[in-house]
Structures are given as structure tokens and as C-alpha cells.
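Notes follow the structure.
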Amino acid sequence: MAPVTLNLEMVVVLSLLALTVVLFVSEVVRVDLAAILVMVILGGLSYLPGLGGIADINRLFNGFSSNAVISIIAVMIVGAGLDRTGLMNSVARFILRFGGSSEKRIIPIVSGMVGIISSFMQNVGAASLFLPVVSRISARTELPLGRLLMPMGFCAILGGTMTLVGSSPLILLNDLIQSTNRTLPSDLQMRTFDMFSVTPVGFALVLTGILYFVVFGRWVLPGKATREEATSAQSMKEYVKRIYGLKADIFEVVIPEGHLLVGETLADMMEAYHLYIIGTYHHGQKWLAPPVETTIVAPCRLAVLGRRKVIQEIADVYDLRIEDRLKVFNEDFSPAQSGIAEIVIPPNSRVIGKTARDLFFRKTYGLNLLAIHRIEQTLSYVETEEHEATRIGTVQFQAGDTLVVQTQWTALTRLKTNPDFVIVTSEFPQEELRPKKVGWALLFFLVSISLILFTDVRLSLCLLTGAAGMIVTRVLSIDEAYRAVSWNTVFLLAGLIPLGQAVNDTGTAEWIAQQVLRLLEGWPVWSLQAGVAILATAFTLIMSNVGATVLLVPLAVSIAIAAGGNPALFAMTVAISTSNSFLIPTHQVNALIMGPAGYRVADFVRTGGIMTILFLIVSLVMMNWVF
């Protein structure tokens, strides 16, 4: 191994690496902007005399067309297509059925599923596929997205170590071993690994990740909701309570067979007991925003909106059971599906002078009318300190009235085209699901996966095939595809790729490796292996894991032979350890989840620091035990 001498170009690249780390950790600017700034500085410096070798200016922006960046764009579009069909809703519903609203049950289920999937497909693909699922679970359980996405993302990375096709370094491992064998004598030739040779190691790592978050998640995961989450459903509830005096909590009430309320209409109950019945369920049939003339039959379940104290008093008097949480109506009244909205009646509206009963308001518009705010007066079924209870179903609408309604977001979206109403509420999900397109979405998803698993077609082309197929078959439109892409993630990755190339092309990476290995000279074999693992972990944070693997496998083999160790084990140590990317958001998966969850670099340093140490310990122990 010829020694590498430090030169001016290497010093400049090392300085840029230090600057990148400082910008990432300090967060003086956003990480995607930091990556762009470093790329611009790198390009500018390459024009200076003596520094022309640090970057090829003609290839400076090749990161935007790199396999990794195009793959992550395509996989976001594929995930959005599957989500648009409602398929991800079904997956979320399945997980919630077993996990309920408990963080300690949801994390193992989601993380385990992602870990298994990422063992057979690129980990960023598995993470992107489950991103909308986790978002829906967060909305329905009111668990902050930040407490669910990091376990999912980390286990997607860990799952890539379970098979030889789970990550790019492991895919390269056998090829690197074979090419290295050509330079070795016959008695030192290494055997290649089988598809599932690494499975015990990967399984132990995924299990470690799940246990880490289940046991220590309470302390290591970010505990606050993102700014977007904080201004959503809960804020609207507080707003409605403050402005209109309405308590917008929903409860599920069970009416048993033969109960004395059977035969009463919903209007009778609402007017008599000052509450709102916004859903009914009987013999497998569910009605949301049921007509107020609906007669109660038993056994049935009612979704009731109102004050807990009032509803509990009624339940005690009439011997009714209130469920601890929504069961039948859990998905229907999740913040992702429904909520409270404000609607104004304009001067030219055709509903002026008519009542909610005249219009069959619930049946016609799918809206549960909670209150009418007129000038400084609020009319509702609920009696408060400010106003008496009013039969709002018989109140004639006037121009300028603000209607407070509980609604499914799909119904509110349809109402936007109705000139008789002006929608005041703007922040609500307005995407139309296309369940009839689920066949096309699944077909092109399977086409992409099949191309990845069974052909040598480039990963980005495999995924783009699925993305293009979904757009052509109108699973989602081209504009929706553009909106599905997290462009800050794209610029973060594309901006860092030139720096990684500079680290490799200028010889800086090899110089760093030689300095570290010189320090380890004469150490026991196990400590040399640990040193190689730490070196691979550090390299994968500042350059691509593929580049780190290609560079370090030959060096690791040379060290093992010189120290009398197992060269194949050292080569595998490099390929496994390049998945140890949890400290900063340079890995594609970490970059993907950073924006939606509102993570900061400090969150990765805190949570990922412990995971990095656990990864090193578990992987080294398992590799030496298995091999």
C-alpha cells in the first residue's frame, strides 16, 4: 500500500469537510442550503490556480442526475401513487388494529415491517413507502410524527443489512472480494458470501434498533410535535372552544338492544340533551352525518360530539356505555379524515332564508351543523354562559352567517365548488383518493420491485419505470408527482455528492484511512477489526457508502492479512459498517424523514449517537460469532 502524501488540494477538501460539519451541527443555515453553499464554494475554488483537481467543474452538478438522487425522486412519486389510491390507509388501519394508540406497540410493528421490506429493496424505497403510512398513524393517534419517523427510518437502514441485496455495499461485497482475490496468493483466497449469510447479523441489528426505541424512546426521541402538527386539529378544537364555546370532543356511545331510547330520532336526542350525534353504526352499516330524522335502532353505536361531563351524565342516567376510545369510528373521525371547519354564507347564496332542515343539510352536503355565528351571537344546541340552547336546524340562514360544521374533509373539498358557500378553513387535506386506480398502482409498483430484484437494470430506471407508469395511467397527475417530491431532500443529497467525489478523487479519503490505520498498527486483531468498523462508519458520513466500501475493502483485506486475521470477515465488516449512518442526516433515509418530522441535526446527533455505538457493538459481536 503506497503511502499518500498530504497536499494543498487535500487540505482544502479537509477544510470544506470541517465547514460542512460545522454548518450541519450549528444549523446557522438549513442543511439543504448548507449543502448548496458547500457545492458552490467547491466549484469556485476549483477555478483557483493549483486547485483545479478538487472538482471537475463540468461534473459539478452531476449529483442532480445521479442514480441516488433520481432514485429517491422516483421512489417518492411511487409512494405518493400508492398513497393516492388509499392503499396506505389500509396498511395504517392494519397497524392500528394491532398497535392501537400505544407508541410502544406501534413502533415495533412499523419498524419490523420496514426492516423486513428493506432487506429486499433499497432502504430509501422502504422508508418512502411507509412515510405516508406513519403520517396517517400519527394523525389518528395524535402521537407526534417525530416520535415515529426516526424509528422507522433507522430500522429501514438496519434492514438493509439482512441480505446481500439489501444495500449497495453488500451488493458490491462479492464483486470486491473476487477482484481482490486476483491480487492474492491461492492460500489466501476468500470465499464469497451467500444471499442470506448476513441475515443473523442484520436480524440482530434490526432487533437492537426496535428494542432501543421501545425501551429508551421516551428519553431519546424528540418529544414535541412539529410546527405543522401543532397548528392542526388540536389548535382548531381550542379555537372553536374559545370563539364559539363548543367542546369538540367525539365519543363512541353503545346503545344495547331493547333500550328505551330506541325509536327516538337523532333530532329529539340532540335537542333534549344538548349534544351532537354525527355518526351511527348498526349491523355493519355506518352513516356519517346521518339525517337528523334518523330513528334510533338497537343494538347500535353513536358517534357523539359534545362535553364529556354532559355525555357521561346521560350515559349514567340511561345506562349507556361510553367506549374508552373510538373503535368503529376511529378512522372516520381521525384528524386526517375529518375535523371542524368554518363556512360563510355570501350575499348571493341560494340558501338565504332557508333552514338546515329545509335543505336536508346533512344529507345534501355531508356537514354536521354545530353552530351559527351571527354578528356577536352564537346559536347552537349547547347551552353556555354566553347563550341559551337553540334549535339551530330551524333557524333561517342569513347573508354573512358563519356556519361551524363538523365534516369529512372530502365533503368540504366538494363544497369548494359550490357558490352558495365560502370555505373559510384552508388548512385541511384536500387530496382526492382514487381507489379505482389501486390495480394500476400495484402493477407498476410490482414492476419496479421485480426489475430491482431480478434484473441488472439501473435502480433509478427501475423506479422511474414505476413512477412513469403511475402518471401515464392517471394514478396521479404530473403536477401531483412534482408536489410529492421533497425538493429540500433532493438538494441536500445532490449538494453533498460533489464533496464526496472530491474526498475520493483528491486522495483525501485514502490519506485519512492510512493515518488511522497507522495509529492501529500492532494492535490485536479484534481491535483492528473494530478500528476498520469505526473508520467505515466515519467515511459513510462524509461520502457515499458505495465509495467508502470500494475504497476501504482492499485496505481492510490488507490489514487482516498482515495481522493474521480473516480477510473475508474484515471485508464484510466494511460492507456492514457503511450502513452505520445515524449521526447526521447525510444518508438518503435520514434526509428523507428530516423535513416531514421537523428534525434538527441535534436530534440525529443525540438519538443517532447511541444507535451508532449499539450498531458497532452488536455487529462486531454477531460477525465474530457467526463467522
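As shown in the C-alpha cells, the chain order sets the letters A, B, ...; within each chain, residues go from 1, and ligands are also counted from 1 in the order they appear.
Around range 268-272 of chain A, within 10 Å and counting only C-alpha atoms, the residues found are Leu261, Glu264, Thr265, Leu275, Tyr276, Ile277, Val292, Glu293, Thr294, Thr295, Ile296, Val304, Ser380, Tyr381, Val382, Ala389, Thr390, Arg391, Ile392 and Gly393 of chain A, once anything fewer than 3 positions away on its own chain is removed.
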Can I get the selected residues back with C-alpha atoms, as a CSV table (one decimal), in the first residue's frame?
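Full text of result24.csv as output:
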chain,number,residue,atom,x,y,z
A,261,LEU,CA,-84.0,5.3,23.5
A,264,GLU,CA,-86.2,8.3,19.3
A,265,THR,CA,-84.9,10.4,16.4
A,275,LEU,CA,-75.3,17.3,22.1
A,276,TYR,CA,-74.5,16.4,18.5
A,277,ILE,CA,-74.8,12.9,17.0
A,292,VAL,CA,-81.5,14.3,11.9
A,293,GLU,CA,-84.8,12.5,11.2
A,294,THR,CA,-83.0,9.1,11.6
A,295,THR,CA,-84.7,6.8,14.1
A,296,ILE,CA,-82.5,5.0,16.6
A,304,VAL,CA,-71.4,11.9,19.8
A,380,SER,CA,-76.1,26.1,18.9
A,381,TYR,CA,-77.8,23.2,20.6
A,382,VAL,CA,-75.3,23.5,23.5
A,389,ALA,CA,-79.5,26.4,23.6
A,390,THR,CA,-81.2,26.9,20.2
A,391,ARG,CA,-82.8,24.6,17.7
A,392,ILE,CA,-80.4,25.6,15.0
A,393,GLY,CA,-82.0,23.2,12.5
Which residues, written as a compact mmCIF listing (two decimals) with all heavy atoms, in the first residue's frame, have at least one atom at most 8 Å from range 510-524 of chain A, with only C-alpha atoms counted and residues fewer than 5 positions away on the same chain left out?
# COMPACT_ATOMS: atom_id res chain seq x y z
N PRO A 3 2.28 4.86 0.35
CA PRO A 3 1.86 5.97 1.22
C PRO A 3 1.37 7.17 0.41
O PRO A 3 1.88 7.46 -0.66
CB PRO A 3 3.13 6.31 2.00
CG PRO A 3 4.26 5.80 1.16
CD PRO A 3 3.73 4.61 0.44
N VAL A 4 0.40 7.87 0.94
CA VAL A 4 -0.17 9.06 0.30
C VAL A 4 0.29 10.29 1.06
O VAL A 4 0.20 10.34 2.29
CB VAL A 4 -1.71 8.99 0.28
CG1 VAL A 4 -2.29 10.25 -0.35
CG2 VAL A 4 -2.19 7.75 -0.46
N THR A 5 0.81 11.28 0.33
CA THR A 5 1.34 12.49 0.96
C THR A 5 0.28 13.60 0.93
O THR A 5 -0.38 13.82 -0.09
CB THR A 5 2.60 12.97 0.22
OG1 THR A 5 3.55 11.91 0.19
CG2 THR A 5 3.21 14.18 0.93
N LEU A 6 0.13 14.29 2.04
CA LEU A 6 -0.82 15.38 2.13
C LEU A 6 -0.39 16.55 1.25
O LEU A 6 0.76 16.95 1.28
CB LEU A 6 -0.94 15.85 3.60
CG LEU A 6 -2.02 16.88 3.92
CD1 LEU A 6 -3.40 16.26 3.75
CD2 LEU A 6 -1.86 17.40 5.35
N ASN A 504 -12.83 11.59 -2.46
CA ASN A 504 -12.29 10.37 -3.06
C ASN A 504 -11.25 10.68 -4.14
O ASN A 504 -10.15 10.12 -4.15
CB ASN A 504 -13.44 9.56 -3.66
CG ASN A 504 -13.02 8.17 -4.09
OD1 ASN A 504 -12.36 7.46 -3.34
ND2 ASN A 504 -13.39 7.78 -5.29
N GLY A 531 -11.42 -1.02 14.65
CA GLY A 531 -10.94 0.21 14.03
C GLY A 531 -11.42 0.36 12.60
O GLY A 531 -11.80 1.46 12.16
N LEU A 535 -13.78 3.32 11.18
CA LEU A 535 -13.33 4.07 10.00
C LEU A 535 -14.40 4.05 8.91
O LEU A 535 -14.70 5.09 8.31
CB LEU A 535 -12.03 3.47 9.48
CG LEU A 535 -11.33 4.23 8.35
CD1 LEU A 535 -10.92 5.63 8.81
CD2 LEU A 535 -10.10 3.46 7.88
N LEU A 551 -13.39 1.90 -1.47
CA LEU A 551 -12.09 2.38 -1.01
C LEU A 551 -11.53 1.51 0.12
O LEU A 551 -10.35 1.16 0.13
CB LEU A 551 -12.22 3.82 -0.53
CG LEU A 551 -10.97 4.43 0.12
CD1 LEU A 551 -9.91 4.70 -0.94
CD2 LEU A 551 -11.32 5.71 0.85
N LEU A 552 -12.38 1.14 1.07
CA LEU A 552 -11.90 0.52 2.30
C LEU A 552 -11.78 -0.99 2.26
O LEU A 552 -11.00 -1.56 3.04
CB LEU A 552 -12.81 0.93 3.47
CG LEU A 552 -12.77 2.40 3.88
CD1 LEU A 552 -13.73 2.68 5.01
CD2 LEU A 552 -11.35 2.80 4.29
N ALA A 563 -2.14 -8.84 9.81
CA ALA A 563 -2.32 -9.12 11.24
C ALA A 563 -2.68 -10.58 11.50
O ALA A 563 -2.84 -10.97 12.67
CB ALA A 563 -3.40 -8.21 11.80
**Request:** For Leu158 in chain A, work out the shell of residues within 9 Å, counting only C-alpha atoms and skipping chain neighbours fewer than 3 positions away, then give it as a list in words.
**Result:**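 So, after excluding close chain neighbours, the residues are Gly115, Ser118, Ser119, Asn123, Gly153, Phe154, Cys155, Thr161, Met162, Gly202, Phe203, Leu205, Val206, Gly209, Ser579, Asn580 and Phe615 of chain A.
Proximity to Arg140 in chain A was assessed for A:Leu451, A:Met88, A:Leu446, A:Ala336 counting only C-alpha atoms; the smallest distance is recorded for A:Ala336.
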**Residue list (alpha helix (DSSP H), DSSP) for range 245-426 of chain A, as a PyMOL selection string** = chain A and resi 266-273+308-318+361-365+409-415
Go ahead and save the residues from that selection, with N, CA, C and O atoms, as a compact mmCIF listing (two decimals), in the first residue's frame.
# COMPACT_ATOMS: atom_id res chain seq x y z
N LEU A 266 -82.72 11.27 16.03
CA LEU A 266 -81.47 11.95 16.40
C LEU A 266 -81.75 13.39 16.80
O LEU A 266 -81.15 13.92 17.75
N ALA A 267 -82.71 14.04 16.11
CA ALA A 267 -83.05 15.44 16.43
C ALA A 267 -83.60 15.53 17.85
O ALA A 267 -83.27 16.47 18.59
N ASP A 268 -84.46 14.56 18.24
CA ASP A 268 -85.01 14.57 19.60
C ASP A 268 -83.89 14.51 20.63
O ASP A 268 -83.89 15.26 21.63
N MET A 269 -82.95 13.61 20.44
CA MET A 269 -81.85 13.45 21.40
C MET A 269 -80.97 14.70 21.44
O MET A 269 -80.57 15.17 22.51
N MET A 270 -80.66 15.23 20.27
CA MET A 270 -79.76 16.38 20.21
C MET A 270 -80.37 17.60 20.89
O MET A 270 -79.68 18.32 21.63
N GLU A 271 -81.67 17.82 20.68
CA GLU A 271 -82.33 18.98 21.27
C GLU A 271 -82.58 18.79 22.76
O GLU A 271 -82.49 19.73 23.55
N ALA A 272 -82.88 17.55 23.14
CA ALA A 272 -83.21 17.28 24.55
C ALA A 272 -81.96 17.27 25.44
O ALA A 272 -82.01 17.72 26.59
N TYR A 273 -80.84 16.78 24.89
CA TYR A 273 -79.67 16.58 25.74
C TYR A 273 -78.49 17.48 25.37
O TYR A 273 -77.40 17.35 25.93
N ARG A 308 -67.70 16.04 27.68
CA ARG A 308 -67.58 14.74 28.34
C ARG A 308 -68.50 14.64 29.55
O ARG A 308 -69.17 13.62 29.76
N LYS A 309 -68.56 15.71 30.30
CA LYS A 309 -69.37 15.69 31.52
C LYS A 309 -70.84 15.46 31.21
O LYS A 309 -71.52 14.65 31.84
N VAL A 310 -71.35 16.17 30.19
CA VAL A 310 -72.76 16.05 29.80
C VAL A 310 -73.05 14.65 29.28
O VAL A 310 -74.05 14.01 29.66
N ILE A 311 -72.18 14.16 28.41
CA ILE A 311 -72.40 12.83 27.81
C ILE A 311 -72.32 11.75 28.88
O ILE A 311 -73.09 10.78 28.86
N GLN A 312 -71.41 11.89 29.83
CA GLN A 312 -71.29 10.91 30.91
C GLN A 312 -72.53 10.90 31.80
O GLN A 312 -73.01 9.83 32.22
N GLU A 313 -73.10 12.08 32.06
CA GLU A 313 -74.32 12.15 32.87
C GLU A 313 -75.49 11.44 32.18
O GLU A 313 -76.25 10.71 32.81
N ILE A 314 -75.61 11.65 30.86
CA ILE A 314 -76.67 10.99 30.10
C ILE A 314 -76.46 9.48 30.10
O ILE A 314 -77.40 8.70 30.27
N ALA A 315 -75.19 9.06 29.94
CA ALA A 315 -74.88 7.63 29.94
C ALA A 315 -75.21 7.00 31.28
O ALA A 315 -75.74 5.87 31.35
N ASP A 316 -74.96 7.71 32.38
CA ASP A 316 -75.27 7.18 33.72
C ASP A 316 -76.77 7.05 33.92
O ASP A 316 -77.26 6.05 34.46
N VAL A 317 -77.51 8.07 33.47
CA VAL A 317 -78.97 8.06 33.66
C VAL A 317 -79.62 6.95 32.84
O VAL A 317 -80.52 6.24 33.31
N TYR A 318 -79.19 6.78 31.60
CA TYR A 318 -79.83 5.84 30.68
C TYR A 318 -79.08 4.51 30.55
O TYR A 318 -79.41 3.69 29.69
N PHE A 361 -79.67 19.36 5.29
CA PHE A 361 -78.29 19.83 5.32
C PHE A 361 -77.27 18.70 5.38
O PHE A 361 -76.29 18.67 4.64
N ARG A 362 -77.51 17.74 6.27
CA ARG A 362 -76.55 16.64 6.41
C ARG A 362 -76.51 15.76 5.17
O ARG A 362 -75.44 15.42 4.66
N LYS A 363 -77.70 15.41 4.68
CA LYS A 363 -77.78 14.52 3.53
C LYS A 363 -77.25 15.18 2.26
O LYS A 363 -76.56 14.57 1.45
N THR A 364 -77.55 16.47 2.09
CA THR A 364 -77.18 17.19 0.87
C THR A 364 -75.69 17.52 0.82
O THR A 364 -75.04 17.35 -0.21
N TYR A 365 -75.14 17.99 1.94
CA TYR A 365 -73.76 18.50 1.93
C TYR A 365 -72.78 17.64 2.73
O TYR A 365 -71.57 17.86 2.66
N TRP A 409 -63.27 15.68 5.39
CA TRP A 409 -62.54 16.60 4.52
C TRP A 409 -62.92 16.42 3.05
O TRP A 409 -62.90 17.39 2.28
N THR A 410 -63.30 15.21 2.66
CA THR A 410 -63.73 15.01 1.28
C THR A 410 -65.00 15.80 0.97
O THR A 410 -65.15 16.36 -0.12
N ALA A 411 -65.91 15.84 1.96
CA ALA A 411 -67.14 16.62 1.76
C ALA A 411 -66.84 18.10 1.67
O ALA A 411 -67.43 18.83 0.86
N LEU A 412 -65.92 18.58 2.48
CA LEU A 412 -65.56 20.00 2.45
C LEU A 412 -64.87 20.36 1.14
O LEU A 412 -65.07 21.45 0.60
N THR A 413 -64.07 19.43 0.62
CA THR A 413 -63.41 19.67 -0.67
C THR A 413 -64.44 19.82 -1.79
O THR A 413 -64.31 20.70 -2.64
N ARG A 414 -65.46 18.96 -1.78
CA ARG A 414 -66.52 19.06 -2.80
C ARG A 414 -67.27 20.39 -2.70
O ARG A 414 -67.69 20.96 -3.70
N LEU A 415 -67.41 20.90 -1.46
CA LEU A 415 -68.17 22.13 -1.25
C LEU A 415 -67.45 23.36 -1.80
O LEU A 415 -68.09 24.41 -2.00
Find the residues around Gly112 in chain A up to 9 Å (only C-alpha atoms counted), leave out those fewer than 5 positions away in its own chain, and share them as a short mmCIF file (atom, residue, chain, number, x, y, z; two decimals) with N, CA and C atoms, in the first residue's frame.
data_model
loop_
_atom_site.label_atom_id
_atom_site.label_comp_id
_atom_site.auth_asym_id
_atom_site.auth_seq_id
_atom_site.Cartn_x
_atom_site.Cartn_y
_atom_site.Cartn_z
N ILE A 107 -44.40 1.26 17.32
CA ILE A 107 -43.01 1.30 16.86
C ILE A 107 -42.48 -0.07 16.45
N ILE A 117 -38.98 -5.35 4.75
CA ILE A 117 -39.11 -4.89 3.37
C ILE A 117 -37.78 -4.35 2.84
N MET A 152 -38.73 4.33 12.39
CA MET A 152 -38.98 3.73 11.08
C MET A 152 -37.77 3.90 10.16
N CYS A 155 -34.67 1.78 11.28
CA CYS A 155 -34.85 0.35 11.02
C CYS A 155 -34.86 0.04 9.52
N ALA A 156 -35.22 1.03 8.70
CA ALA A 156 -35.09 0.85 7.25
C ALA A 156 -33.61 0.71 6.88
N GLY A 159 -32.42 -2.68 8.25
CA GLY A 159 -32.94 -3.80 7.48
C GLY A 159 -32.11 -4.09 6.25
N VAL A 206 -31.57 -5.17 13.50
CA VAL A 206 -32.95 -4.66 13.47
C VAL A 206 -33.61 -4.83 14.83
N LEU A 207 -33.41 -5.99 15.45
CA LEU A 207 -33.99 -6.23 16.78
C LEU A 207 -33.42 -5.24 17.80
N ILE A 210 -35.14 -1.85 17.29
CA ILE A 210 -36.52 -1.84 17.82
C ILE A 210 -36.50 -1.76 19.34
#
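Residues in contact with range 367-371 of chain A at 7 Å, where only C-alpha atoms are counted and same-chain residues fewer than 3 positions away are skipped, are listed as A:Ile278, A:Ala289, A:Phe361, A:Arg362, A:Thr378, A:Leu379, A:Ser380, A:Leu403, A:Val404, A:Val405, A:Gln406, A:Thr407.
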Would you mind exporting C-alpha atoms of the selected residues as a CSV table (one decimal), in the first residue's frame?
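Result file follows (again24.csv):
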chain,number,residue,atom,x,y,z
A,278,ILE,CA,-72.5,12.9,14.0
A,289,ALA,CA,-73.5,13.0,9.1
A,361,PHE,CA,-78.3,19.8,5.3
A,362,ARG,CA,-76.5,16.6,6.4
A,378,THR,CA,-73.6,32.2,18.6
A,379,LEU,CA,-76.6,29.8,18.1
A,380,SER,CA,-76.1,26.1,18.9
A,403,LEU,CA,-71.5,28.1,10.0
A,404,VAL,CA,-69.4,26.0,12.3
A,405,VAL,CA,-69.5,22.4,11.0
A,406,GLN,CA,-68.0,19.0,11.7
A,407,THR,CA,-67.2,17.4,8.4
**Message:** If I take CA of Val28 in chain A and CA of Ile542 in chain A, how far is one from the other in Å, to one decimal?
**Reply:**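 According to the coordinates, CA of Val28 in chain A and CA of Ile542 in chain A are separated by 19.3 Å.
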**Item:** Residue among A:Leu433, A:Ala494, A:Met190, A:Val21 lying closest to Ile177 in chain A, counting only C-alpha atoms
**Value:** A:Met190
**Request:** Work out how far apart CA of Ala591 in chain A and CA of Leu493 in chain A are and give it in Å to one decimal.
**Result:**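 Separation between CA of Ala591 in chain A and CA of Leu493 in chain A: 7.6 Å.
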